[in-house]
Every structure is written in structure tokens, then in C-alpha cells.
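Enquirer: Input file: final-v4.json. Contents: JSON, C-alpha atoms and all ligand atoms.
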```json
[["chain", "number", "residue", "atom", "x", "y", "z"],
["A", 88, "MET", "CA", 0.05, -21.48, -13.14],
["A", 89, "GLN", "CA", 2.20, -20.19, -10.29],
["A", 90, "GLN", "CA", 1.17, -20.19, -6.64],
["A", 91, "LEU", "CA", 2.54, -17.12, -4.84],
["A", 92, "ASP", "CA", 2.34, -17.17, -1.05],
["A", 93, "THR", "CA", 4.23, -14.04, -0.09],
["A", 94, "ALA", "CA", 4.18, -10.38, -1.02],
["A", 95, "LYS", "CA", 7.82, -10.78, -2.09],
["A", 96, "ASP", "CA", 6.93, -13.62, -4.52],
["A", 97, "LEU", "CA", 4.05, -11.56, -5.87],
["A", 98, "ARG", "CA", 6.26, -8.52, -6.50],
["A", 99, "ALA", "CA", 8.84, -10.74, -8.23],
["A", 100, "TRP", "CA", 6.11, -12.24, -10.47],
["A", 101, "ARG", "CA", 4.78, -8.78, -11.26],
["A", 102, "GLY", "CA", 8.26, -7.54, -12.14],
["A", 103, "GLU", "CA", 8.65, -10.31, -14.71],
["A", 104, "ALA", "CA", 5.09, -10.24, -16.10],
["A", 105, "GLY", "CA", 5.18, -8.56, -19.48],
["A", 106, "GLY", "CA", 2.24, -6.70, -21.02],
["A", 107, "SER", "CA", -0.96, -5.78, -19.23],
["A", 108, "VAL", "CA", -1.87, -7.38, -15.90],
["A", 109, "GLY", "CA", -5.40, -8.08, -14.64],
["A", 110, "LEU", "CA", -6.13, -8.70, -10.95],
["A", 111, "VAL", "CA", -9.15, -10.67, -9.75],
["A", 112, "PRO", "CA", -9.44, -10.27, -5.95],
["A", 113, "THR", "CA", -11.44, -13.06, -4.26],
["A", 114, "MET", "CA", -11.94, -14.72, -0.90],
["A", 115, "GLY", "CA", -11.74, -18.16, -2.54],
["A", 116, "ASN", "CA", -14.42, -20.85, -2.56],
["A", 117, "LEU", "CA", -14.73, -20.06, -6.22],
["A", 118, "HIS", "CA", -17.93, -20.51, -8.24],
["A", 119, "ALA", "CA", -18.99, -19.61, -11.78],
["A", 120, "GLY", "CA", -19.38, -15.95, -10.75],
["A", 121, "HIS", "CA", -15.67, -15.75, -9.88],
["A", 122, "LEU", "CA", -14.74, -17.64, -13.04],
["A", 123, "ALA", "CA", -16.65, -15.02, -15.07],
["A", 124, "LEU", "CA", -14.31, -12.41, -13.52],
["A", 125, "VAL", "CA", -11.31, -14.51, -14.53],
["A", 126, "ALA", "CA", -12.72, -14.88, -18.07],
["A", 127, "ALA", "CA", -13.22, -11.11, -18.33],
["A", 128, "ALA", "CA", -9.64, -10.55, -17.15],
["A", 129, "ARG", "CA", -8.34, -13.22, -19.53],
["A", 130, "ALA", "CA", -10.14, -11.52, -22.45],
["A", 131, "SER", "CA", -8.59, -8.10, -21.87],
["A", 132, "CYS", "CA", -5.21, -8.65, -20.15],
["A", 133, "ASP", "CA", -1.98, -10.42, -21.10],
["A", 134, "ARG", "CA", -1.43, -11.80, -17.59],
["A", 135, "VAL", "CA", -4.05, -12.66, -14.96],
["A", 136, "VAL", "CA", -3.41, -12.99, -11.24],
["A", 137, "VAL", "CA", -6.16, -14.08, -8.85],
["A", 138, "SER", "CA", -5.86, -13.35, -5.13],
["A", 139, "ILE", "CA", -7.43, -15.66, -2.56],
["A", 140, "PHE", "CA", -7.57, -14.10, 0.89],
["A", 141, "VAL", "CA", -10.31, -14.28, 3.50],
["A", 142, "ASN", "CA", -9.85, -10.79, 4.90],
["A", 143, "PRO", "CA", -10.51, -10.69, 8.67],
["A", 144, "LEU", "CA", -10.84, -6.89, 8.64],
["A", 145, "GLN", "CA", -14.11, -6.95, 6.67],
["A", 146, "PHE", "CA", -15.93, -9.38, 8.99],
["A", 147, "GLY", "CA", -17.89, -8.12, 12.00],
["A", 148, "PRO", "CA", -17.47, -9.79, 15.42],
["A", 149, "ASN", "CA", -20.62, -11.90, 14.99],
["A", 150, "GLU", "CA", -20.08, -12.76, 11.32],
["A", 151, "ASP", "CA", -18.85, -15.90, 9.61],
["A", 152, "LEU", "CA", -15.04, -15.35, 9.47],
["A", 153, "ASP", "CA", -14.24, -18.71, 11.10],
["A", 154, "SER", "CA", -16.81, -20.74, 9.15],
["A", 155, "TYR", "CA", -16.27, -18.98, 5.79],
["A", 156, "PRO", "CA", -15.61, -21.87, 3.34],
["A", 157, "ARG", "CA", -11.92, -22.31, 2.53],
["A", 158, "THR", "CA", -11.32, -24.64, -0.44],
["A", 159, "LEU", "CA", -7.86, -23.79, -1.76],
["A", 160, "ASP", "CA", -7.15, -27.09, -3.57],
["A", 161, "ALA", "CA", -10.42, -27.02, -5.52],
["A", 162, "ASP", "CA", -9.93, -23.28, -6.20],
["A", 163, "MET", "CA", -6.44, -23.92, -7.62],
["A", 164, "ARG", "CA", -7.79, -26.59, -9.97],
["A", 165, "ALA", "CA", -10.60, -24.31, -11.18],
["A", 166, "LEU", "CA", -8.18, -21.42, -11.77],
["A", 167, "GLU", "CA", -5.75, -23.61, -13.67],
["A", 168, "GLN", "CA", -8.62, -24.62, -15.97],
["A", 169, "ALA", "CA", -9.80, -21.03, -16.29],
["A", 170, "GLY", "CA", -6.35, -19.99, -17.51],
["A", 171, "ALA", "CA", -5.10, -17.86, -14.63],
["A", 172, "ASP", "CA", -1.34, -17.27, -14.75],
["A", 173, "ALA", "CA", -0.80, -16.88, -11.01],
["A", 174, "VAL", "CA", -2.63, -17.21, -7.71],
["A", 175, "PHE", "CA", -1.68, -15.07, -4.74],
["A", 176, "ALA", "CA", -2.80, -16.92, -1.61],
["A", 177, "PRO", "CA", -1.16, -15.17, 1.35],
["A", 178, "ASP", "CA", -1.68, -15.82, 5.04],
["A", 179, "VAL", "CA", -2.95, -13.05, 7.32],
["A", 180, "ALA", "CA", 0.59, -12.02, 8.38],
["A", 181, "GLN", "CA", 1.54, -11.21, 4.77],
["A", 182, "ILE", "CA", -1.31, -8.73, 4.47],
["A", 183, "TYR", "CA", -1.32, -7.46, 8.05],
["A", 184, "PRO", "CA", 2.36, -7.75, 9.05],
["A", 185, "HIS", "CA", 1.83, -5.67, 12.20],
["A", 186, "GLY", "CA", -0.70, -8.11, 13.61],
["A", 187, "GLY", "CA", -4.16, -7.20, 14.82],
["A", 188, "THR", "CA", -3.40, -3.50, 15.22],
["A", 189, "THR", "CA", -4.03, -2.00, 11.83],
["A", 190, "VAL", "CA", -3.06, 1.66, 12.11],
["A", 191, "THR", "CA", -3.70, 2.71, 8.54],
["A", 192, "THR", "CA", -7.12, 1.96, 7.07],
["A", 193, "VAL", "CA", -9.03, 3.30, 4.10],
["A", 194, "ARG", "CA", -12.45, 4.76, 4.80],
["A", 195, "VAL", "CA", -14.70, 5.88, 1.96],
["A", 196, "GLU", "CA", -17.24, 8.33, 3.37],
["A", 197, "GLY", "CA", -20.80, 8.85, 2.20],
["A", 198, "ILE", "CA", -21.67, 5.81, 0.09],
["A", 199, "THR", "CA", -20.69, 3.50, 2.97],
["A", 200, "ASP", "CA", -23.29, 5.01, 5.33],
["A", 201, "MET", "CA", -26.23, 3.27, 3.64],
["A", 202, "LEU", "CA", -27.41, -0.19, 2.51],
["A", 203, "CYS", "CA", -24.88, -2.89, 3.60],
["A", 204, "GLY", "CA", -22.58, -0.22, 5.06],
["A", 205, "SER", "CA", -25.05, 0.85, 7.73],
["A", 206, "ARG", "CA", -25.87, -2.81, 8.59],
["A", 207, "ARG", "CA", -22.28, -4.05, 8.72],
["A", 208, "PRO", "CA", -20.24, -1.40, 10.59],
["A", 209, "GLY", "CA", -16.58, -1.43, 9.50],
["A", 210, "HIS", "CA", -17.22, -3.86, 6.62],
["A", 211, "PHE", "CA", -16.43, -1.48, 3.78],
["A", 212, "GLU", "CA", -13.45, -0.04, 5.64],
["A", 213, "GLY", "CA", -12.10, -3.60, 5.74],
["A", 214, "VAL", "CA", -12.84, -4.11, 2.03],
["A", 215, "ALA", "CA", -11.38, -0.72, 1.02],
["A", 216, "THR", "CA", -8.24, -1.35, 3.09],
["A", 217, "VAL", "CA", -7.52, -4.83, 1.71],
["A", 218, "VAL", "CA", -8.33, -3.85, -1.88],
["A", 219, "THR", "CA", -5.95, -0.87, -1.59],
["A", 220, "LYS", "CA", -3.24, -3.22, -0.28],
["A", 221, "LEU", "CA", -3.84, -5.73, -3.10],
["A", 222, "LEU", "CA", -3.81, -3.01, -5.75],
["A", 223, "ASN", "CA", -0.57, -1.62, -4.31],
["A", 224, "LEU", "CA", 1.02, -5.06, -4.11],
["A", 225, "VAL", "CA", 0.13, -6.09, -7.66],
["A", 226, "GLY", "CA", 0.01, -2.78, -9.52],
["A", 227, "PRO", "CA", -2.44, -4.19, -12.11],
["A", 228, "ASP", "CA", -3.66, -2.35, -15.20],
["A", 229, "ARG", "CA", -7.22, -3.56, -14.54],
["A", 230, "ALA", "CA", -9.01, -5.12, -11.55],
["A", 231, "PHE", "CA", -12.27, -7.08, -11.85],
["A", 232, "PHE", "CA", -15.18, -7.14, -9.38],
["A", 233, "GLY", "CA", -18.67, -8.62, -9.55],
["A", 234, "GLU", "CA", -21.73, -6.37, -9.86],
["A", 235, "LYS", "CA", -23.47, -8.61, -7.35],
["A", 236, "ASP", "CA", -21.65, -6.65, -4.66],
["A", 237, "PHE", "CA", -22.72, -3.40, -6.27],
["A", 238, "GLN", "CA", -22.07, -1.15, -3.28],
["A", 239, "GLN", "CA", -18.60, -2.70, -2.90],
["A", 240, "LEU", "CA", -17.91, -1.93, -6.56],
["A", 241, "ALA", "CA", -19.02, 1.69, -6.03],
["A", 242, "VAL", "CA", -16.79, 2.01, -2.95],
["A", 243, "ILE", "CA", -13.78, 0.64, -4.86],
["A", 244, "ARG", "CA", -14.37, 2.90, -7.87],
["A", 245, "ARG", "CA", -14.53, 5.85, -5.52],
["A", 246, "LEU", "CA", -11.39, 5.00, -3.54],
["A", 247, "VAL", "CA", -9.37, 4.47, -6.72],
["A", 248, "ASP", "CA", -10.56, 7.84, -7.99],
["A", 249, "ASP", "CA", -10.02, 9.69, -4.69],
["A", 250, "LEU", "CA", -6.57, 8.20, -4.08],
["A", 251, "CYS", "CA", -5.43, 8.81, -7.71],
["A", 252, "MET", "CA", -4.64, 5.13, -8.30],
["A", 253, "ARG", "CA", -3.73, 4.14, -11.85],
["A", 254, "VAL", "CA", -5.98, 1.14, -12.40],
["A", 255, "ASP", "CA", -9.20, 0.56, -14.35],
["A", 256, "ILE", "CA", -11.94, -0.97, -12.20],
["A", 257, "VAL", "CA", -14.10, -3.31, -14.29],
["A", 258, "GLY", "CA", -17.56, -4.42, -13.11],
["A", 259, "VAL", "CA", -18.71, -7.85, -14.34],
["A", 260, "PRO", "CA", -22.43, -8.79, -14.51],
["A", 261, "THR", "CA", -23.89, -11.11, -11.88],
["A", 262, "VAL", "CA", -24.02, -14.83, -12.70],
["A", 263, "ARG", "CA", -27.30, -16.49, -11.68],
["A", 264, "GLU", "CA", -28.70, -19.97, -11.16],
["A", 265, "ALA", "CA", -31.47, -21.00, -13.59],
["A", 266, "ASP", "CA", -34.11, -19.88, -11.05],
["A", 267, "GLY", "CA", -32.57, -16.42, -10.72],
["A", 268, "LEU", "CA", -30.62, -16.81, -7.46],
["A", 269, "ALA", "CA", -27.37, -14.85, -7.69],
["A", 270, "LEU", "CA", -24.32, -17.08, -7.19],
["A", 271, "SER", "CA", -22.62, -16.58, -3.84],
["A", 272, "SER", "CA", -20.33, -18.67, -1.64],
["A", 273, "ARG", "CA", -22.85, -18.09, 1.16],
["A", 274, "ASN", "CA", -25.63, -19.88, -0.77],
["A", 275, "GLN", "CA", -24.17, -23.14, 0.57],
["A", 276, "TYR", "CA", -25.33, -22.11, 4.06],
["A", 277, "LEU", "CA", -28.93, -22.67, 2.83],
["A", 278, "GLN", "CA", -30.81, -25.82, 3.80],
["A", 279, "ALA", "CA", -32.63, -27.56, 0.89],
["A", 280, "GLU", "CA", -35.97, -26.04, 1.85],
["A", 281, "GLU", "CA", -34.47, -22.55, 2.24],
["A", 282, "ARG", "CA", -32.76, -22.86, -1.14],
["A", 283, "LYS", "CA", -36.21, -23.27, -2.75],
["A", 284, "ARG", "CA", -37.36, -19.97, -1.26],
["A", 285, "ALA", "CA", -34.16, -18.03, -1.99],
["A", 286, "PRO", "CA", -35.07, -16.93, -5.58],
["A", 287, "ALA", "CA", -37.80, -14.70, -4.07],
["A", 288, "LEU", "CA", -35.11, -12.04, -3.58],
["A", 289, "ALA", "CA", -34.23, -11.86, -7.29],
["A", 290, "ALA", "CA", -37.92, -12.15, -8.23],
["A", 291, "ALA", "CA", -38.85, -9.12, -6.09],
["A", 292, "LEU", "CA", -36.04, -7.11, -7.69],
["A", 293, "GLU", "CA", -37.21, -8.12, -11.19],
["A", 294, "ASP", "CA", -40.80, -7.15, -10.36],
["A", 295, "CYS", "CA", -39.64, -3.72, -9.15],
["A", 296, "LYS", "CA", -37.48, -3.32, -12.25],
["A", 297, "ALA", "CA", -40.45, -4.05, -14.54],
["A", 298, "ARG", "CA", -42.64, -1.51, -12.73],
["A", 299, "LEU", "CA", -39.97, 1.20, -12.85],
["A", 300, "ALA", "CA", -39.43, 0.46, -16.55],
["A", 301, "GLU", "CA", -43.19, 0.89, -17.09],
["A", 302, "GLY", "CA", -43.00, 4.34, -15.52],
["A", 303, "GLU", "CA", -44.08, 3.78, -11.93],
["A", 304, "ARG", "CA", -42.32, 6.32, -9.70],
["A", 305, "ASP", "CA", -43.89, 5.91, -6.25],
["A", 306, "PHE", "CA", -40.58, 4.72, -4.78],
["A", 307, "ALA", "CA", -41.87, 4.20, -1.24],
["A", 308, "ALA", "CA", -44.76, 2.05, -2.47],
["A", 309, "LEU", "CA", -42.46, 0.03, -4.76],
["A", 310, "GLU", "CA", -39.99, -0.55, -1.92],
["A", 311, "ALA", "CA", -42.81, -1.61, 0.44],
["A", 312, "ARG", "CA", -44.06, -4.02, -2.24],
["A", 313, "GLY", "CA", -40.57, -5.50, -2.63],
["A", 314, "ARG", "CA", -40.12, -5.98, 1.12],
["A", 315, "ALA", "CA", -43.60, -7.56, 1.42],
["A", 316, "ALA", "CA", -42.91, -10.05, -1.41],
["A", 317, "ILE", "CA", -39.59, -11.12, 0.13],
["A", 318, "ASP", "CA", -41.07, -11.47, 3.63],
["A", 319, "ALA", "CA", -44.08, -13.38, 2.25],
["A", 320, "ALA", "CA", -41.69, -15.96, 0.77],
["A", 321, "GLY", "CA", -40.30, -16.64, 4.26],
["A", 322, "LEU", "CA", -37.14, -14.53, 4.06],
["A", 323, "GLU", "CA", -36.56, -11.56, 6.35],
["A", 324, "THR", "CA", -35.88, -8.39, 4.39],
["A", 325, "ASP", "CA", -32.91, -6.38, 5.63],
["A", 326, "TYR", "CA", -33.36, -3.63, 3.05],
["A", 327, "PHE", "CA", -35.01, -3.10, -0.32],
["A", 328, "GLU", "CA", -34.07, 0.25, -1.86],
["A", 329, "ILE", "CA", -34.34, 2.05, -5.16],
["A", 330, "ARG", "CA", -31.33, 4.28, -5.86],
["A", 331, "SER", "CA", -29.74, 6.12, -8.76],
["A", 332, "PRO", "CA", -27.03, 4.12, -10.61],
["A", 333, "GLU", "CA", -24.47, 6.03, -8.47],
["A", 334, "LEU", "CA", -26.41, 5.09, -5.30],
["A", 335, "PHE", "CA", -27.84, 8.58, -4.70],
["A", 336, "ALA", "CA", -31.50, 9.11, -3.74],
["A", 337, "PRO", "CA", -33.72, 8.43, -6.76],
["A", 338, "ARG", "CA", -35.77, 11.19, -8.42],
["A", 339, "ALA", "CA", -39.03, 10.77, -10.33],
["A", 340, "ASP", "CA", -37.51, 12.38, -13.47],
["A", 341, "MET", "CA", -34.70, 9.80, -13.69],
["A", 342, "ASN", "CA", -34.76, 6.95, -16.23],
["A", 343, "ALA", "CA", -31.94, 4.83, -14.82],
["A", 344, "PHE", "CA", -31.94, 3.22, -11.38],
["A", 345, "ARG", "CA", -30.32, 0.49, -9.33],
["A", 346, "VAL", "CA", -32.56, -1.56, -7.05],
["A", 347, "LEU", "CA", -30.69, -3.25, -4.21],
["A", 348, "ALA", "CA", -31.88, -5.72, -1.60],
["A", 349, "ALA", "CA", -30.61, -7.86, 1.26],
["A", 350, "ALA", "CA", -32.46, -10.55, 3.20],
["A", 351, "PHE", "CA", -31.79, -13.10, 5.91],
["A", 352, "LEU", "CA", -32.60, -16.73, 5.20],
["A", 353, "GLY", "CA", -31.52, -19.37, 7.71],
["A", 354, "ARG", "CA", -27.81, -18.88, 8.38],
["A", 355, "ALA", "CA", -27.32, -16.84, 5.23],
["A", 356, "ARG", "CA", -27.63, -13.14, 4.51],
["A", 357, "LEU", "CA", -28.28, -12.84, 0.77],
["A", 358, "ILE", "CA", -27.71, -9.68, -1.26],
["A", 359, "ASP", "CA", -28.63, -8.88, -4.85],
["A", 360, "ASN", "CA", -29.37, -5.94, -7.15],
["A", 361, "VAL", "CA", -30.59, -5.11, -10.65],
["A", 362, "ALA", "CA", -30.04, -2.26, -13.07],
["A", 363, "VAL", "CA", -33.08, -0.48, -14.53],
["A", 364, "GLU", "CA", -32.99, 1.46, -17.78],
["A", 365, "ALA", "CA", -36.40, 2.88, -18.60],
["A", 366, "ALA", "CA", -37.08, 4.34, -22.04],
["A", 367, "PRO", "CA", -36.94, 8.18, -21.73],
["A", 368, "GLY", "CA", -40.33, 9.84, -21.49],
["A", 369, "GLN", "CA", -42.05, 6.93, -19.83],
["A", 401, "LIG", "O1", -15.88, -9.54, -2.91],
["A", 401, "LIG", "C1", -15.02, -10.15, -2.25],
["A", 401, "LIG", "O2", -14.82, -11.35, -2.40],
["A", 401, "LIG", "C2", -14.18, -9.39, -1.24],
["A", 401, "LIG", "O3", -14.93, -8.41, -0.60],
["A", 401, "LIG", "C3", -12.89, -8.80, -1.83],
["A", 401, "LIG", "C4", -13.18, -7.76, -2.89],
["A", 401, "LIG", "C5", -12.04, -9.91, -2.41],
["A", 401, "LIG", "C6", -12.08, -8.10, -0.72],
["A", 401, "LIG", "O4", -11.74, -8.99, 0.30]]
```
Let me see the structure of the file written as C-alpha cells.
Expert:
Amino acid sequence: MQQLDTAKDLRAWRGEAGGSVGLVPTMGNLHAGHLALVAAARASCDRVVVSIFVNPLQFGPNEDLDSYPRTLDADMRALEQAGADAVFAPDVAQIYPHGGTTVTTVRVEGITDMLCGSRRPGHFEGVATVVTKLLNLVGPDRAFFGEKDFQQLAVIRRLVDDLCMRVDIVGVPTVREADGLALSSRNQYLQAEERKRAPALAAALEDCKARLAEGERDFAALEARGRAAIDAAGLETDYFEIRSPELFAPRADMNAFRVLAAAFLGRARLIDNVAVEAAPGQ
């Protein structure tokens, strides 16, 4: 496995890589959820490159950029085992060579005005900008993203479509702990007692999913029920929303939905979502 630190090294690797190339963009501190992305890339691409870059542009001024866990040595060992061919681990100057003044950014309108986008101003612009840079640097055939960050996945699909980029965006299902908690690097911010309460987020989503699948369509009541269950478990709901699979407003005659939620717990802000496919006619 090759470690590539500069854009020049990455381009040279790409030039020599034969066959199809899969890119797995990450911010490091890898867990089984990231390794599922690598496995998906490994299964469908001849060469797999993983990027590790904690992107300052997607963190708000009061967010955890400085404390975000950076564990490059352990990440390299895990990626070697997972069969990655190369790791691109640039410093900030490689990605933002003009320093703190980023003149060109990528802003995806509409779907970024809701859910996490409305709570974290500038976040998705930072994500869209760095993902565009990574896709341009690597030129992969496919790029792999977790469904846990479902709005992020929707933003990336949209930018690739709108900017006519030749890459397939592949969504990979969320990996969960045995008690349902979605894996996230930020779970390690939880104290032991908070960790016990954290699965309430996934449980509330599952409850809503079951009710939608049974035909309930009072969205406001279902959302209120979800928020109440999360708050009752000692988390603080940020949002709990039922949407169409494309993140539009839901309609009572739909049979497929996405339910998305975010909640604060101690130092962590947890997000999660589930897909709902109800049998037609229910
Ligand atoms: O999901 C993440 O880890 C990041 O948002 C991403 C896609 C690597 C962009 O920095």
C-alpha cells in the first residue's frame, strides 16, 4: 500500500493505476463503517485509493475541528489489512494551496437548506468543495460514501450530476453496533453513561419506520412522537423529520420515505436515518 502525501504523488499514482479506480473519501479515525466502504470499493474496482483529510472548510467556528480524532498510524494499518492500494493523506496546504482565502467553492442549493444544512451553516459547502477537489484530483470511476450521512450523499449525487462529472457515486448501508447505534467517529465523545442512552436515536427511527410501514401517515404526529422518545431518553433532539427518499416533503400517497434525525448527547451531536419501503396500498 502506498502513502501519497501530495497532489503530485496522487496524480502520478493515478496515471499508473490500470483498470477501474475507486475512491473512498474519509476524515480518518477509521471504524468498521469506513472499512465497509473500502470493502465495497474493493469488490467493484481494480484499484482502491482512500483519502484521509480533516477538511477545515466543513467545520463551523464552534465545532470540533481541533479536537477531531486524528489517528493516521492506526488508520494506515487498518487500510493495509482492508486491501487498499493507496492512501492519500495530504496536509491542508495541498488541498487549499491559496491559504485561508478560498475563492472558488461549490454550493448545492435547495437540499442544503434543511436538516443538517440549516443547523450547520456552510457545512455542506465545505463538503461539496472538498469532494469536488478530491474527485478532480483522483478522477475515479466510482466514489463510495456512507448512507449514515444521507443528506451528504444526496448533496454529492446532485453536485456530480449538476457539474457533469464522470463518476458513479455509490451509497453504502450504515454499519451499526449490536444495540443499533450507528458507527461514527464522534461516538467516542460519549461518556459511558451517555453511550447507554445513545441507541434511543436509532430506536426512535425504527419505531417511526414500523408505523409508516403499517400505513400511518400523520407525519406531524409521527415526528412529534420521535422527538418525544429521543428527549425522554435524555438526548436533546435537533431534528426528527420524515422526507421522501430524495429529501422532498413527504406525501400521504407515497410508499417510500427516509426518516432522518439528529440529537445532542454530551459533547456529541449524533445523526442517523432509516429507509422505509411500505407495501403499496397500505
Ligand atoms: O463523510 C466524511 O467523512 C466527510 O464529510 C468527507 C465526505 C470525507 C468530506 O470531507
Enquirer: Neighbours of Leu246 of chain A within 9 Å (only C-alpha atoms; same-chain residues fewer than 6 positions away dropped), as a VMD selection string?
Expert: chain A and resid 193 to 195 215 219 252
Enquirer: Deliver the residues from the most recent selection as a file, using C-alpha atoms, as a CSV table (one decimal), in the frame of the given file.
Expert:
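Saved as again-v9.csv:
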```
chain,number,residue,atom,x,y,z
A,193,VAL,CA,-9.0,3.3,4.1
A,194,ARG,CA,-12.4,4.8,4.8
A,195,VAL,CA,-14.7,5.9,2.0
A,215,ALA,CA,-11.4,-0.7,1.0
A,219,THR,CA,-6.0,-0.9,-1.6
A,252,MET,CA,-4.6,5.1,-8.3
```
Enquirer: Could you pull out the residues sitting within 7 Å of ligand LIG 401 (chain A), using only C-alpha atoms and all ligand atoms, and write them as a list in words?
Expert: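 Residues lying within 7 Å of ligand LIG 401 (chain A): Pro112, Thr113, Met114, Phe140, Val141, Asn142, Val214, Val217, Val218, Phe232 and Asp236 of chain A.
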Enquirer: Give me, as a CSV table (one decimal) with C-alpha atoms, in the coordinates of the input, all polymer residues having an atom no more than 12 Å from Thr216 of chain A, counting all atoms listed in the file and skipping those fewer than 3 positions away in the same chain.
Expert:
```csv
chain,number,residue,atom,x,y,z
A,142,ASN,CA,-9.8,-10.8,4.9
A,143,PRO,CA,-10.5,-10.7,8.7
A,144,LEU,CA,-10.8,-6.9,8.6
A,145,GLN,CA,-14.1,-7.0,6.7
A,182,ILE,CA,-1.3,-8.7,4.5
A,183,TYR,CA,-1.3,-7.5,8.0
A,189,THR,CA,-4.0,-2.0,11.8
A,190,VAL,CA,-3.1,1.7,12.1
A,191,THR,CA,-3.7,2.7,8.5
A,192,THR,CA,-7.1,2.0,7.1
A,193,VAL,CA,-9.0,3.3,4.1
A,194,ARG,CA,-12.4,4.8,4.8
A,195,VAL,CA,-14.7,5.9,2.0
A,209,GLY,CA,-16.6,-1.4,9.5
A,210,HIS,CA,-17.2,-3.9,6.6
A,211,PHE,CA,-16.4,-1.5,3.8
A,212,GLU,CA,-13.4,0.0,5.6
A,213,GLY,CA,-12.1,-3.6,5.7
A,219,THR,CA,-6.0,-0.9,-1.6
A,220,LYS,CA,-3.2,-3.2,-0.3
A,221,LEU,CA,-3.8,-5.7,-3.1
A,222,LEU,CA,-3.8,-3.0,-5.8
A,223,ASN,CA,-0.6,-1.6,-4.3
A,242,VAL,CA,-16.8,2.0,-3.0
A,243,ILE,CA,-13.8,0.6,-4.9
A,246,LEU,CA,-11.4,5.0,-3.5
A,247,VAL,CA,-9.4,4.5,-6.7
```
Enquirer: Which polymer residues have any atom within 9 Å of an atom of segment 335-347 of chain A, counting only C-alpha atoms, with same-chain residues fewer than 5 positions away left out, as a PyMOL selection string?
Expert: chain A and resi 198+202+237-238+292+295-296+299-300+302-306+326-330+358-369
Enquirer: How would the residues just chosen look if you wrote them out with C-alpha atoms as a short mmCIF file (atom, residue, chain, number, x, y, z; two decimals), in the coordinates of the input?
Expert:
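What follows is the written file part.cif:
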```cif
data_model
loop_
_atom_site.label_atom_id
_atom_site.label_comp_id
_atom_site.auth_asym_id
_atom_site.auth_seq_id
_atom_site.Cartn_x
_atom_site.Cartn_y
_atom_site.Cartn_z
CA ILE A 198 -21.67 5.81 0.09
CA LEU A 202 -27.41 -0.19 2.51
CA PHE A 237 -22.72 -3.40 -6.27
CA GLN A 238 -22.07 -1.15 -3.28
CA LEU A 292 -36.04 -7.11 -7.69
CA CYS A 295 -39.64 -3.72 -9.15
CA LYS A 296 -37.48 -3.32 -12.25
CA LEU A 299 -39.97 1.20 -12.85
CA ALA A 300 -39.43 0.46 -16.55
CA GLY A 302 -43.00 4.34 -15.52
CA GLU A 303 -44.08 3.78 -11.93
CA ARG A 304 -42.32 6.32 -9.70
CA ASP A 305 -43.89 5.91 -6.25
CA PHE A 306 -40.58 4.72 -4.78
CA TYR A 326 -33.36 -3.63 3.05
CA PHE A 327 -35.01 -3.10 -0.32
CA GLU A 328 -34.07 0.25 -1.86
CA ILE A 329 -34.34 2.05 -5.16
CA ARG A 330 -31.33 4.28 -5.86
CA ILE A 358 -27.71 -9.68 -1.26
CA ASP A 359 -28.63 -8.88 -4.85
CA ASN A 360 -29.37 -5.94 -7.15
CA VAL A 361 -30.59 -5.11 -10.65
CA ALA A 362 -30.04 -2.26 -13.07
CA VAL A 363 -33.08 -0.48 -14.53
CA GLU A 364 -32.99 1.46 -17.78
CA ALA A 365 -36.40 2.88 -18.60
CA ALA A 366 -37.08 4.34 -22.04
CA PRO A 367 -36.94 8.18 -21.73
CA GLY A 368 -40.33 9.84 -21.49
CA GLN A 369 -42.05 6.93 -19.83
#
```
Enquirer: Let me make sure I understand: among A:Ser331, A:Gln181, A:Gln239, A:Thr93, which one has the smallest atom-to-atom distance to Gly204 of chain A if we use only C-alpha atoms?
Expert: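 Of A:Ser331, A:Gln181, A:Gln239, A:Thr93, the one nearest Gly204 of chain A is A:Gln239, counting only C-alpha atoms.
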Enquirer: What does the distance between atom CA of Arg312 of chain A and atom CA of Leu357 of chain A come to in Å, to one decimal place?
Expert: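 According to the coordinates, atom CA of Arg312 of chain A and atom CA of Leu357 of chain A are separated by 18.3 Å.
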Enquirer: How many Å separate atom CA of Leu309 of chain A from atom CA of Ala290 of chain A?
Expert: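 Between atom CA of Leu309 of chain A and atom CA of Ala290 of chain A the gap is 13.5 Å.
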Enquirer: Could you tell me which of A:Glu310, A:Tyr276, A:Asp325, A:Ile317 comes closest to Asp151 of chain A if we count all atoms listed in the file?
Expert: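 Closest residue, counting all atoms listed in the file: A:Tyr276.
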Enquirer: I'd like the contact shell of Ala171 of chain A - 9 Å cut-off, only C-alpha atoms, skipping same-chain residues fewer than 6 positions apart - returned as a PyMOL selection string.
Expert: chain A and resi 88-89+125-126+128-129+134-137
Enquirer: Would you work out the distance separating atom CA of Thr324 of chain A from atom CA of Ala307 of chain A, expressed in Å to one decimal?
Expert: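 Going from atom CA of Thr324 of chain A over to atom CA of Ala307 of chain A covers 15.0 Å.
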Enquirer: Given all atoms listed in the file as the basis, pick out the residue of A:Arg282, A:Arg298, A:Arg101, A:Arg356 nearest to Phe175 of chain A.
Expert: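 Closest to Phe175 of chain A of all the choices is A:Arg101.
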Enquirer: Measuring atom to atom with all atoms listed in the file, identify which of A:Asp248, A:Asp133, A:Asp153, A:Glu281 is nearest to Arg354 of chain A.
Expert: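 Nearest to Arg354 of chain A: A:Glu281.
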